[in-house]
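**Student:** Provided below: my_file_31.tsv, containing TSV, C-alpha atoms.
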chain	number	residue	atom	x	y	z
G	14	MET	CA	31.31	-62.44	9.85
G	15	ALA	CA	30.32	-58.89	10.51
G	16	MET	CA	28.19	-57.43	7.69
G	17	LEU	CA	27.39	-53.85	8.67
G	18	ILE	CA	29.04	-50.81	10.17
G	19	ALA	CA	26.50	-48.24	11.29
G	20	VAL	CA	28.33	-45.05	12.09
G	21	ARG	CA	26.78	-43.40	15.12
G	22	ARG	CA	28.91	-40.30	15.23
G	23	ILE	CA	31.32	-39.42	12.40
G	24	LEU	CA	33.97	-36.79	12.83
G	25	THR	CA	35.31	-34.81	9.87
G	26	GLY	CA	37.70	-36.73	7.66
G	27	THR	CA	37.19	-40.14	9.29
G	28	THR	CA	36.34	-43.24	7.25
G	29	ALA	CA	35.88	-46.90	8.11
G	30	ARG	CA	36.11	-50.20	6.29
G	31	LEU	CA	35.70	-53.85	7.18
G	32	VAL	CA	38.77	-56.08	6.94
G	33	ALA	CA	37.75	-59.71	6.45
G	34	PRO	CA	39.35	-62.40	8.59
G	35	LYS	CA	41.95	-64.71	7.13
G	36	GLN	CA	40.58	-68.07	6.03
G	37	VAL	CA	42.59	-71.22	6.75
G	38	GLY	CA	40.69	-74.16	5.24
G	39	SER	CA	37.28	-74.12	6.92
G	40	ARG	CA	38.63	-72.27	9.96
G	41	VAL	CA	38.73	-68.53	10.44
G	42	SER	CA	42.19	-67.69	11.78
G	43	SER	CA	41.29	-64.35	13.34
G	44	PRO	CA	38.16	-62.39	14.25
G	45	PRO	CA	36.76	-59.74	11.90
G	46	VAL	CA	38.55	-56.45	12.29
G	47	PHE	CA	37.15	-53.00	11.69
G	48	ARG	CA	39.91	-50.68	10.50
G	49	LEU	CA	39.26	-46.98	10.86
G	50	SER	CA	41.35	-44.27	9.22
G	51	ALA	CA	41.53	-40.67	10.40
G	52	SER	CA	42.81	-37.72	8.39
G	53	THR	CA	44.45	-36.19	11.44
G	54	SER	CA	46.27	-37.84	14.32
G	55	THR	CA	44.17	-35.96	16.88
G	56	SER	CA	40.80	-37.09	15.51
G	57	ARG	CA	38.42	-38.91	17.84
G	58	ILE	CA	37.26	-42.12	16.19
G	59	ALA	CA	33.51	-42.33	15.79
G	60	SER	CA	31.44	-44.84	17.72
G	61	PHE	CA	29.91	-47.55	15.57
G	62	ALA	CA	27.83	-50.75	15.74
G	63	ALA	CA	28.80	-54.12	14.30
G	64	CYS	CA	26.31	-56.79	13.25
G	65	GLY	CA	27.40	-60.42	13.06
G	66	VAL	CA	25.80	-63.48	11.51
G	67	ALA	CA	23.29	-63.48	14.36
G	68	ALA	CA	22.58	-59.80	13.64
G	69	ALA	CA	23.73	-58.76	17.12
G	70	ALA	CA	24.70	-55.12	17.28
G	71	VAL	CA	27.20	-53.72	19.72
G	72	ALA	CA	28.23	-50.11	20.27
G	73	VAL	CA	31.88	-49.23	20.24
G	74	SER	CA	32.96	-46.13	22.17
G	75	CYS	CA	35.48	-43.77	20.64
G	76	LEU	CA	39.15	-43.53	21.42
G	77	ALA	CA	41.25	-40.44	20.92
G	78	LEU	CA	44.00	-41.53	18.56
G	79	SER	CA	47.43	-40.11	18.02
G	80	THR	CA	48.15	-42.44	15.10
G	81	ASP	CA	46.29	-42.92	11.84
G	82	HIS	CA	44.70	-46.34	12.36
G	83	ILE	CA	43.09	-48.50	14.97
G	84	SER	CA	42.12	-52.16	14.65
G	85	VAL	CA	39.11	-53.32	16.63
G	86	PRO	CA	38.58	-57.10	16.94
G	87	SER	CA	34.82	-57.54	17.05
G	88	ASP	CA	34.83	-60.31	19.65
G	89	LEU	CA	36.65	-58.47	22.44
G	90	LEU	CA	34.09	-57.35	24.93
G	91	MET	CA	34.41	-55.63	28.30
G	92	ARG	CA	31.73	-54.85	30.86
G	93	SER	CA	31.58	-51.17	29.98
G	94	GLY	CA	31.23	-51.76	26.21
G	95	LEU	CA	33.29	-53.19	23.37
G	96	ARG	CA	36.97	-53.40	24.16
G	97	VAL	CA	39.05	-51.18	21.88
G	98	LEU	CA	42.51	-52.46	21.04
G	99	ALA	CA	45.15	-50.12	19.60
G	100	GLU	CA	47.73	-51.17	17.03
G	101	ALA	CA	51.24	-51.24	18.54
G	102	PRO	CA	51.11	-47.87	20.31
G	103	THR	CA	54.32	-45.96	20.81
G	104	THR	CA	55.42	-45.19	24.36
G	105	GLY	CA	54.14	-41.63	24.19
G	106	ASP	CA	50.92	-42.86	22.64
G	107	LEU	CA	50.31	-45.53	25.25
G	108	TYR	CA	49.09	-43.35	28.07
G	109	ASN	CA	46.84	-41.23	25.86
G	110	ARG	CA	45.10	-44.39	24.69
G	111	ALA	CA	44.82	-45.65	28.24
G	112	ARG	CA	43.32	-42.30	29.19
G	113	SER	CA	40.70	-42.69	26.47
G	114	ALA	CA	39.87	-46.19	27.68
G	115	ILE	CA	39.41	-44.86	31.22
G	116	GLU	CA	37.17	-42.07	29.92
G	117	HIS	CA	35.12	-44.73	28.15
G	118	ILE	CA	34.54	-46.50	31.48
G	119	LEU	CA	33.42	-43.23	33.05
G	120	GLU	CA	31.11	-42.40	30.15
G	121	ASN	CA	29.38	-45.74	30.61
G	122	ASP	CA	29.27	-45.57	34.40
G	123	PRO	CA	29.62	-42.00	35.80
G	124	ASP	CA	29.17	-43.32	39.35
G	125	MET	CA	32.51	-45.11	38.99
G	126	GLY	CA	34.32	-41.75	38.95
G	127	PRO	CA	34.34	-41.07	42.70
G	128	THR	CA	35.33	-44.67	43.45
G	129	ILE	CA	38.29	-44.47	41.05
G	130	VAL	CA	39.43	-41.24	42.72
G	131	ARG	CA	39.18	-42.97	46.08
G	132	LEU	CA	41.26	-45.88	44.76
G	133	ALA	CA	44.02	-43.53	43.59
G	134	TRP	CA	43.82	-41.59	46.87
G	135	HIS	CA	44.00	-44.64	49.13
G	136	ALA	CA	46.71	-46.33	47.07
G	137	SER	CA	48.82	-43.18	47.40
G	138	GLY	CA	47.94	-42.01	50.91
G	139	THR	CA	49.86	-44.74	52.72
G	140	TYR	CA	53.20	-42.99	52.22
G	141	ASP	CA	55.45	-42.52	55.23
G	142	ALA	CA	58.16	-39.90	54.70
G	143	ALA	CA	60.30	-41.15	57.59
G	144	SER	CA	60.58	-44.77	56.47
G	145	LYS	CA	60.16	-44.04	52.74
G	146	THR	CA	57.54	-46.80	52.51
G	147	GLY	CA	54.02	-46.91	51.15
G	148	GLY	CA	52.61	-44.55	48.56
G	149	SER	CA	51.37	-45.13	45.04
G	150	GLU	CA	54.41	-47.08	43.89
G	151	GLY	CA	53.78	-50.80	44.16
G	152	ALA	CA	49.98	-50.84	43.78
G	153	THR	CA	50.06	-53.31	46.65
G	154	MET	CA	46.33	-53.01	47.29
G	155	ARG	CA	46.08	-55.85	44.79
G	156	PHE	CA	47.10	-58.11	47.66
G	157	ALA	CA	46.03	-58.99	51.15
G	158	PRO	CA	46.37	-57.72	53.77
G	159	GLU	CA	46.15	-54.21	52.24
G	160	SER	CA	43.12	-55.07	50.12
G	161	GLU	CA	41.36	-56.15	53.32
G	162	HIS	CA	42.10	-53.02	55.35
G	163	GLY	CA	38.86	-51.42	56.52
G	164	ALA	CA	39.62	-48.11	54.82
G	165	ASN	CA	39.79	-49.90	51.47
G	166	ALA	CA	36.43	-51.64	51.70
G	167	GLY	CA	34.60	-51.53	48.38
G	168	LEU	CA	37.61	-50.50	46.31
G	169	ASN	CA	37.69	-53.90	44.61
G	170	VAL	CA	34.93	-52.44	42.42
G	171	ALA	CA	37.27	-49.79	41.01
G	172	ARG	CA	40.18	-52.22	40.70
G	173	ASP	CA	37.98	-54.63	38.74
G	174	ALA	CA	36.66	-51.82	36.52
G	175	LEU	CA	40.22	-50.90	35.51
G	176	GLU	CA	41.38	-54.46	34.92
G	177	PRO	CA	40.29	-54.53	31.24
G	178	VAL	CA	42.40	-51.42	30.65
G	179	LYS	CA	45.40	-53.17	32.17
G	180	LYS	CA	44.84	-56.12	29.86
G	181	MET	CA	44.59	-53.79	26.87
G	182	PHE	CA	47.82	-52.05	27.85
G	183	PRO	CA	49.90	-54.59	29.80
G	184	ASP	CA	53.03	-52.44	29.63
G	185	ILE	CA	51.42	-49.91	31.98
G	186	SER	CA	52.05	-50.76	35.62
G	187	TYR	CA	49.08	-51.01	37.96
G	188	ALA	CA	50.60	-48.19	39.98
G	189	ASP	CA	50.64	-45.90	36.94
G	190	LEU	CA	47.20	-47.07	35.81
G	191	TRP	CA	45.47	-46.37	39.13
G	192	THR	CA	47.02	-42.93	39.55
G	193	LEU	CA	46.35	-42.00	35.94
G	194	ALA	CA	42.74	-43.12	36.37
G	195	GLY	CA	42.44	-40.88	39.41
G	196	VAL	CA	43.48	-37.72	37.58
G	197	VAL	CA	41.42	-38.64	34.51
G	198	ALA	CA	38.33	-39.11	36.71
G	199	ILE	CA	38.87	-35.78	38.48
G	200	GLU	CA	39.09	-33.93	35.18
G	201	PHE	CA	36.20	-35.94	33.69
G	202	MET	CA	33.95	-34.83	36.58
G	203	GLY	CA	34.74	-31.16	36.07
G	204	GLY	CA	37.76	-30.83	38.31
G	205	PRO	CA	41.17	-29.35	37.62
G	206	LYS	CA	43.79	-30.86	35.36
G	207	VAL	CA	46.28	-32.62	37.64
G	208	SER	CA	49.82	-33.05	36.35
G	209	TRP	CA	50.74	-36.71	35.99
G	210	ARG	CA	53.77	-38.65	34.77
G	211	SER	CA	54.55	-42.31	34.37
G	212	GLY	CA	57.32	-44.27	36.04
G	213	ARG	CA	55.81	-46.10	39.01
G	214	LEU	CA	56.78	-49.72	39.57
G	215	ASP	CA	54.59	-52.56	40.77
G	216	ARG	CA	55.65	-54.56	43.83
G	217	ASP	CA	54.53	-57.76	45.53
G	218	ALA	CA	52.60	-58.40	48.73
G	219	ASP	CA	55.73	-58.12	50.87
G	220	SER	CA	55.60	-54.35	50.28
G	221	CYS	CA	52.07	-53.87	51.64
G	222	PRO	CA	52.06	-51.01	54.16
G	223	PRO	CA	50.66	-51.62	57.65
G	224	ASP	CA	47.04	-50.85	58.44
G	225	GLY	CA	46.26	-47.47	59.97
G	226	ARG	CA	48.03	-45.15	57.56
G	227	LEU	CA	44.82	-43.74	56.06
G	228	PRO	CA	42.61	-41.23	57.91
G	229	ASP	CA	39.77	-42.46	60.09
G	230	ALA	CA	36.38	-40.75	60.13
G	231	ASP	CA	36.33	-40.35	63.91
G	232	LYS	CA	38.68	-40.74	66.85
G	233	GLY	CA	36.05	-40.36	69.57
G	234	GLY	CA	36.48	-36.70	70.36
G	235	VAL	CA	37.10	-33.29	68.80
G	236	GLY	CA	40.71	-32.96	69.89
G	237	ALA	CA	41.63	-36.53	69.12
G	238	THR	CA	40.10	-36.36	65.64
G	239	ILE	CA	41.91	-33.11	64.80
G	240	ARG	CA	45.23	-34.53	66.00
G	241	HIS	CA	44.64	-37.72	64.03
G	242	ILE	CA	44.08	-35.79	60.79
G	243	ARG	CA	47.30	-33.87	61.23
G	244	ASP	CA	49.25	-36.97	62.20
G	245	ILE	CA	48.11	-38.81	59.07
G	246	PHE	CA	48.91	-36.00	56.65
G	247	TYR	CA	51.98	-34.56	58.34
G	248	ARG	CA	53.50	-38.06	58.10
G	249	GLN	CA	53.27	-37.70	54.34
G	250	GLY	CA	54.71	-34.18	54.27
G	251	PHE	CA	51.54	-32.13	53.87
G	252	ASN	CA	50.73	-28.83	55.60
G	253	ASP	CA	47.35	-27.60	56.85
G	254	ARG	CA	46.42	-25.89	53.59
G	255	GLU	CA	47.20	-29.00	51.57
G	256	ILE	CA	45.24	-31.15	54.03
G	257	VAL	CA	42.08	-29.10	53.62
G	258	ALA	CA	42.47	-29.03	49.83
G	259	LEU	CA	42.81	-32.82	49.66
G	260	VAL	CA	39.81	-33.43	51.91
G	261	GLY	CA	37.86	-31.33	49.40
G	262	ALA	CA	37.65	-34.52	47.33
G	263	HIS	CA	34.67	-35.29	49.58
G	264	ALA	CA	32.73	-33.24	47.04
G	265	LEU	CA	32.60	-36.59	45.28
G	266	GLY	CA	30.83	-39.80	46.13
G	267	ARG	CA	28.99	-40.95	49.21
G	268	CYS	CA	29.37	-43.26	52.20
G	269	HIS	CA	27.81	-46.72	52.20
G	270	THR	CA	26.92	-48.57	55.36
G	271	ASN	CA	28.12	-51.87	53.94
G	272	ALA	CA	31.60	-50.41	53.36
G	273	SER	CA	32.27	-47.86	56.10
G	274	GLY	CA	29.24	-47.99	58.36
G	275	TYR	CA	28.39	-44.38	57.46
G	276	SER	CA	25.63	-43.35	55.06
G	277	GLY	CA	24.96	-40.57	52.60
G	278	PRO	CA	26.62	-38.04	50.28
G	279	TRP	CA	28.45	-34.86	51.24
G	280	THR	CA	26.90	-32.83	48.42
G	281	ARG	CA	23.91	-32.95	46.08
G	282	ALA	CA	26.16	-33.45	43.05
G	283	PRO	CA	28.35	-36.43	44.02
G	284	THR	CA	29.74	-36.96	40.51
G	285	THR	CA	30.74	-33.31	40.01
G	286	PHE	CA	34.06	-31.99	41.27
G	287	SER	CA	33.53	-28.52	42.73
G	288	ASN	CA	33.95	-26.45	45.90
G	289	GLU	CA	30.43	-27.41	46.98
G	290	TYR	CA	31.78	-29.52	49.86
G	291	PHE	CA	33.24	-26.40	51.48
G	292	ARG	CA	30.11	-24.36	50.79
G	293	GLU	CA	27.98	-27.00	52.49
G	294	LEU	CA	30.32	-27.15	55.48
G	295	ILE	CA	30.17	-23.37	56.00
G	296	GLU	CA	26.65	-22.48	54.90
G	297	ASN	CA	24.59	-25.46	56.03
G	298	THR	CA	23.51	-26.40	59.55
G	299	TRP	CA	24.90	-29.66	60.96
G	300	THR	CA	23.53	-31.64	63.85
G	301	LEU	CA	24.39	-35.08	65.21
G	302	LYS	CA	22.31	-37.70	63.43
G	303	LYS	CA	20.03	-39.83	65.60
G	304	TRP	CA	20.40	-43.37	64.35
G	305	ASP	CA	21.90	-46.73	65.24
G	306	GLY	CA	25.05	-46.17	63.23
G	307	PRO	CA	28.33	-44.43	64.11
G	308	ASP	CA	28.40	-40.71	64.90
G	309	GLN	CA	27.85	-38.57	61.83
G	310	PHE	CA	26.22	-35.22	61.19
G	311	GLU	CA	23.26	-34.36	58.97
G	312	ASP	CA	21.74	-31.24	57.47
G	313	PRO	CA	18.11	-30.21	58.24
G	314	THR	CA	16.81	-32.22	55.26
G	315	GLY	CA	18.59	-35.38	56.34
G	316	ASP	CA	19.81	-35.79	52.77
G	317	LEU	CA	23.42	-34.76	53.31
G	318	MET	CA	25.97	-35.85	55.87
G	319	MET	CA	29.35	-34.93	57.29
G	320	LEU	CA	31.75	-37.15	59.19
G	321	PRO	CA	33.38	-36.05	62.46
G	322	ALA	CA	36.62	-35.68	60.48
G	323	ASP	CA	34.83	-33.25	58.14
G	324	MET	CA	33.50	-31.23	61.05
G	325	ALA	CA	37.05	-31.08	62.44
G	326	LEU	CA	37.88	-28.75	59.55
G	327	LEU	CA	35.38	-26.30	61.06
G	328	TRP	CA	36.33	-26.89	64.69
G	329	ASP	CA	40.02	-26.18	64.17
G	330	LYS	CA	40.71	-22.49	63.49
G	331	GLU	CA	43.69	-23.14	61.24
G	332	PHE	CA	41.79	-25.63	59.10
G	333	ARG	CA	38.68	-23.43	59.07
G	334	LYS	CA	40.37	-20.46	57.42
G	335	PHE	CA	41.13	-22.61	54.38
G	336	VAL	CA	37.59	-24.02	54.35
G	337	GLU	CA	36.33	-20.43	54.20
G	338	LEU	CA	38.81	-19.56	51.44
G	339	TYR	CA	37.81	-22.50	49.25
G	340	ALA	CA	34.08	-21.96	49.88
G	341	ARG	CA	34.29	-18.50	48.35
G	342	ASN	CA	37.03	-19.11	45.77
G	343	GLU	CA	36.75	-22.26	43.68
G	344	ASP	CA	39.73	-21.30	41.55
G	345	ALA	CA	41.97	-21.25	44.61
G	346	PHE	CA	40.64	-24.65	45.63
G	347	PHE	CA	41.20	-26.15	42.18
G	348	LYS	CA	44.78	-24.89	42.02
G	349	ASP	CA	45.67	-26.06	45.52
G	350	PHE	CA	43.96	-29.41	45.06
G	351	ALA	CA	45.74	-30.08	41.77
G	352	ASP	CA	49.12	-29.37	43.35
G	353	ALA	CA	48.39	-31.42	46.48
G	354	PHE	CA	46.94	-34.37	44.59
G	355	GLN	CA	49.97	-34.52	42.31
G	356	LYS	CA	52.17	-34.55	45.40
G	357	LEU	CA	50.00	-37.27	46.97
G	358	GLU	CA	50.35	-39.49	43.90
G	359	GLU	CA	54.10	-38.89	43.52
G	360	ASN	CA	55.20	-39.31	47.13
G	361	GLY	CA	57.70	-42.15	47.44
G	362	VAL	CA	58.04	-42.91	43.71
G	363	THR	CA	61.67	-43.89	43.30
G	364	SER	CA	62.04	-42.75	39.69
G	365	PHE	CA	60.86	-39.25	40.66
G	366	VAL	CA	63.44	-38.80	43.39
G	367	THR	CA	66.36	-36.65	42.33
G	368	THR	CA	69.58	-37.36	44.16
G	369	LYS	CA	71.76	-34.37	44.75
G	370	LYS	CA	75.41	-35.00	43.98
G	371	ARG	CA	77.64	-34.38	46.96
G	372	TRP	CA	80.97	-32.74	46.26
G	373	PHE	CA	83.86	-33.21	48.65
G	374	GLY	CA	86.62	-30.64	48.39
G	375	LEU	CA	90.23	-31.27	49.16
G	376	TRP	CA	90.73	-27.81	50.58
Kindly transcribe the structure held in the file into structure tokens.
**Tutor:**
Amino acid sequence: MAMLIAVRRILTGTTARLVAPKQVGSRVSSPPVFRLSASTSTSRIASFAACGVAAAAVAVSCLALSTDHISVPSDLLMRSGLRVLAEAPTTGDLYNRARSAIEHILENDPDMGPTIVRLAWHASGTYDAASKTGGSEGATMRFAPESEHGANAGLNVARDALEPVKKMFPDISYADLWTLAGVVAIEFMGGPKVSWRSGRLDRDADSCPPDGRLPDADKGGVGATIRHIRDIFYRQGFNDREIVALVGAHALGRCHTNASGYSGPWTRAPTTFSNEYFRELIENTWTLKKWDGPDQFEDPTGDLMMLPADMALLWDKEFRKFVELYARNEDAFFKDFADAFQKLEENGVTSFVTTKKRWFGLW
């Protein structure tokens, strides 16, 4: 039975007490529970350590609460720390608690942020406006063949990282969870606040979109690559300005040869959301990299890289004017990205579609 609560970080007005497990004969019917009380519903519960009979101490990350209590079973562990379980959250409360759980994952593993954004992006970017198929609704990347599409290589890492959150909050659909995680990660890494709402449904493998709906890094030539970018995004209903804003997410993360064949980061701060991607494109010097891998470009240091699809934003005069705008005006980039990313995540969601009533006159 847990004997000690060592408070690591106590916020004003927050107290904690140990609730002993129920005893049934010689058997303990439930694990020890730490019950924390907060004087205000917006308090952030302090992190604490629990020692058991074996004197093992584990750190518990904080959750932002919108109710007065939280029960934490001491035996529920997740890879990123101790799993925090909320008491019967209300519907409005549910997503705030899920957000806090996602933030906890990012606090423990900041490198997961770009991968989670990529998961949300790729789960959403399959939308086809003509056929009304694909998009974030369904979360069909859980299944083959979509999970095996080349563009989604390595995203099992992000899906697995979010699985404990799904188990904590089973009423949240995977489709809502992945898209919520994407906007939480963007904001966590210093990016803009992206509007998000719940309502996406999960679907089965029969709804997997066909391969080829996500952008490729290279189509073998300047003209072909530029046309490919427009084809991919126009199919979803985006214009040139929105395309450039969305590609600005390449400020995050890096390419891995074991996933895409390409190698290296776009910026020197791959876990910080900023306009640095556009600044590097405009201000740096890019030459074709001499190596055994696919065509990519490198800066004079060899530390940074750009894909042919990135360079296409410079080669095309319409794309380039927005690259130049975002390189000099981060506020404009943040606003345009937030709007475009919300649109990306909401495309094709049936509950968000408003049907206009048609009136037929008799005159």
**Student:** By how many Å are atom CA of G:Leu357 and atom CA of G:Ala142 apart?
**Tutor:** 11.5 Å
**Student:** For each of G:Phe156, G:Leu193, G:Gly212, G:Lys348, take the minimum atom-to-atom distance to G:Val366, counting only C-alpha atoms, then give the residue where this is smallest.
**Tutor:**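 Checking each candidate against G:Val366, we get G:Gly212 as the closest.
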**Student:** Looking at G:Ala353, G:Ala198, G:Gly306, G:Leu175, which one is nearest to G:His269, with distances taken over only C-alpha atoms?
**Tutor:**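 Of all the options, G:Gly306 lies closest to G:His269.
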**Student:** Quick one: everything within 8 Å of G:Gly277, counting only C-alpha atoms, minus sequence neighbours fewer than 5 positions away in the same chain. Send it as a PyMOL selection string.
**Tutor:** chain G and resi 267-269+316-318
**Student:** Enclose stretch 191-205 of chain G, meaning all of its atoms listed in the file, in a box aligned along x, y and z, pad it by 5 Å on each side, and list the centre and edge lengths in Å to one decimal, as JSON.
**Tutor:**
{"center_x": 40.5, "center_y": -37.9, "center_z": 36.6, "size_x": 23.1, "size_y": 27.0, "size_z": 15.9}
**Student:** Tell me, as number ranges by chain, which residues lie within 10 Å of stretch 216-226 of chain G, counting only C-alpha atoms; anything in the same chain fewer than 4 positions away does not count.
**Tutor:** G: 135, 138-141, 146-148, 150-164, 186-188, 244-246, 248-249
**Student:** Could you list, as a PyMOL selection string, every residue within 12 Å of G:Lys179, counting all atoms listed in the file and ignoring same-chain residues fewer than 4 positions away?
**Tutor:** chain G and resi 91+96+98+107-108+110-112+114-115+172-175+183-191+193-194
**Student:** Give me, please, the distance in Å between atom CA of G:His241 and atom CA of G:Pro228, quoted to one decimal.
**Tutor:**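 Value for the atom CA of G:His241-atom CA of G:Pro228 distance: 7.3 Å.
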**Student:** Rank nothing, just name the residue among G:Asp253, G:Phe182, G:Ala166, G:Thr280 nearest to G:Asp106, using all atoms listed in the file.
**Tutor:** G:Phe182
**Student:** Let me make sure I understand: among G:His263, G:Arg281, G:Lys145, G:Lys356, which one has the smallest atom-to-atom distance to G:Gly315 if we use only C-alpha atoms?
**Tutor:**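 So, comparing all the options, the nearest one is G:Arg281.
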**Student:** Counting all atoms listed in the file, what are the residues of stretch 168-284 of chain G within 12 Å of stretch 326-338 of chain G, and for each of them which pair of atoms is the nearest and at what distance in Å, to one decimal? Sort the table by chain and rising number, as a tab-separated table.
**Tutor:**
residue	atom	partner	partner_atom	distance
G:Gly234	CA	G:Trp328	CA	11.3
G:Val235	CA	G:Trp328	CA	7.6
G:Gly236	CA	G:Asp329	CA	8.9
G:Ala237	CA	G:Asp329	CA	11.6
G:Thr238	CA	G:Leu326	CA	10.0
G:Ile239	CA	G:Asp329	CA	7.2
G:Arg240	CA	G:Asp329	CA	10.0
G:Ile242	CA	G:Leu326	CA	9.5
G:Arg243	CA	G:Phe332	CA	10.1
G:Asn252	CA	G:Phe332	CA	10.1
G:Asp253	CA	G:Phe332	CA	6.3
G:Arg254	CA	G:Phe335	CA	6.3
G:Glu255	CA	G:Phe335	CA	9.3
G:Ile256	CA	G:Phe332	CA	8.3
G:Val257	CA	G:Phe332	CA	6.5
G:Ala258	CA	G:Phe335	CA	8.0
G:Leu259	CA	G:Val336	CA	11.3
G:Val260	CA	G:Leu326	CA	9.2
G:Gly261	CA	G:Val336	CA	8.8
**Student:** Please indicate the distance in Å from atom CA of G:Leu294 to atom CA of G:Met324, rounded to one decimal place.
**Tutor:**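 According to the coordinates, atom CA of G:Leu294 and atom CA of G:Met324 are separated by 7.6 Å.
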**Student:** May I ask which of the residues G:Ala351, G:Leu320, G:Val178, G:Leu168 is the closest one to G:Arg131, counting all atoms listed in the file?
**Tutor:**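 Going through G:Ala351, G:Leu320, G:Val178, G:Leu168 one by one, the smallest distance to G:Arg131 is for G:Leu168.
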**Student:** How would you write as a list in words the residues that get within 10 Å of (32.0, -35.5, 34.8) in the file's frame, counting all atoms listed in the file?
**Tutor:**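 Within the cut-off we find Glu116, Leu119, Glu120, Pro123, Asp124, Gly126, Pro127, Val197, Ala198, Ile199, Glu200, Phe201, Met202, Gly203, Gly204, Pro283, Thr284, Thr285 and Phe286 of chain G.
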**Student:** G:Glu358, G:Thr314, G:Gln309, G:Tyr275: which is nearest G:Asn297, counting only C-alpha atoms?
**Tutor:**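 Of G:Glu358, G:Thr314, G:Gln309, G:Tyr275, the one nearest G:Asn297, counting only C-alpha atoms, is G:Thr314.
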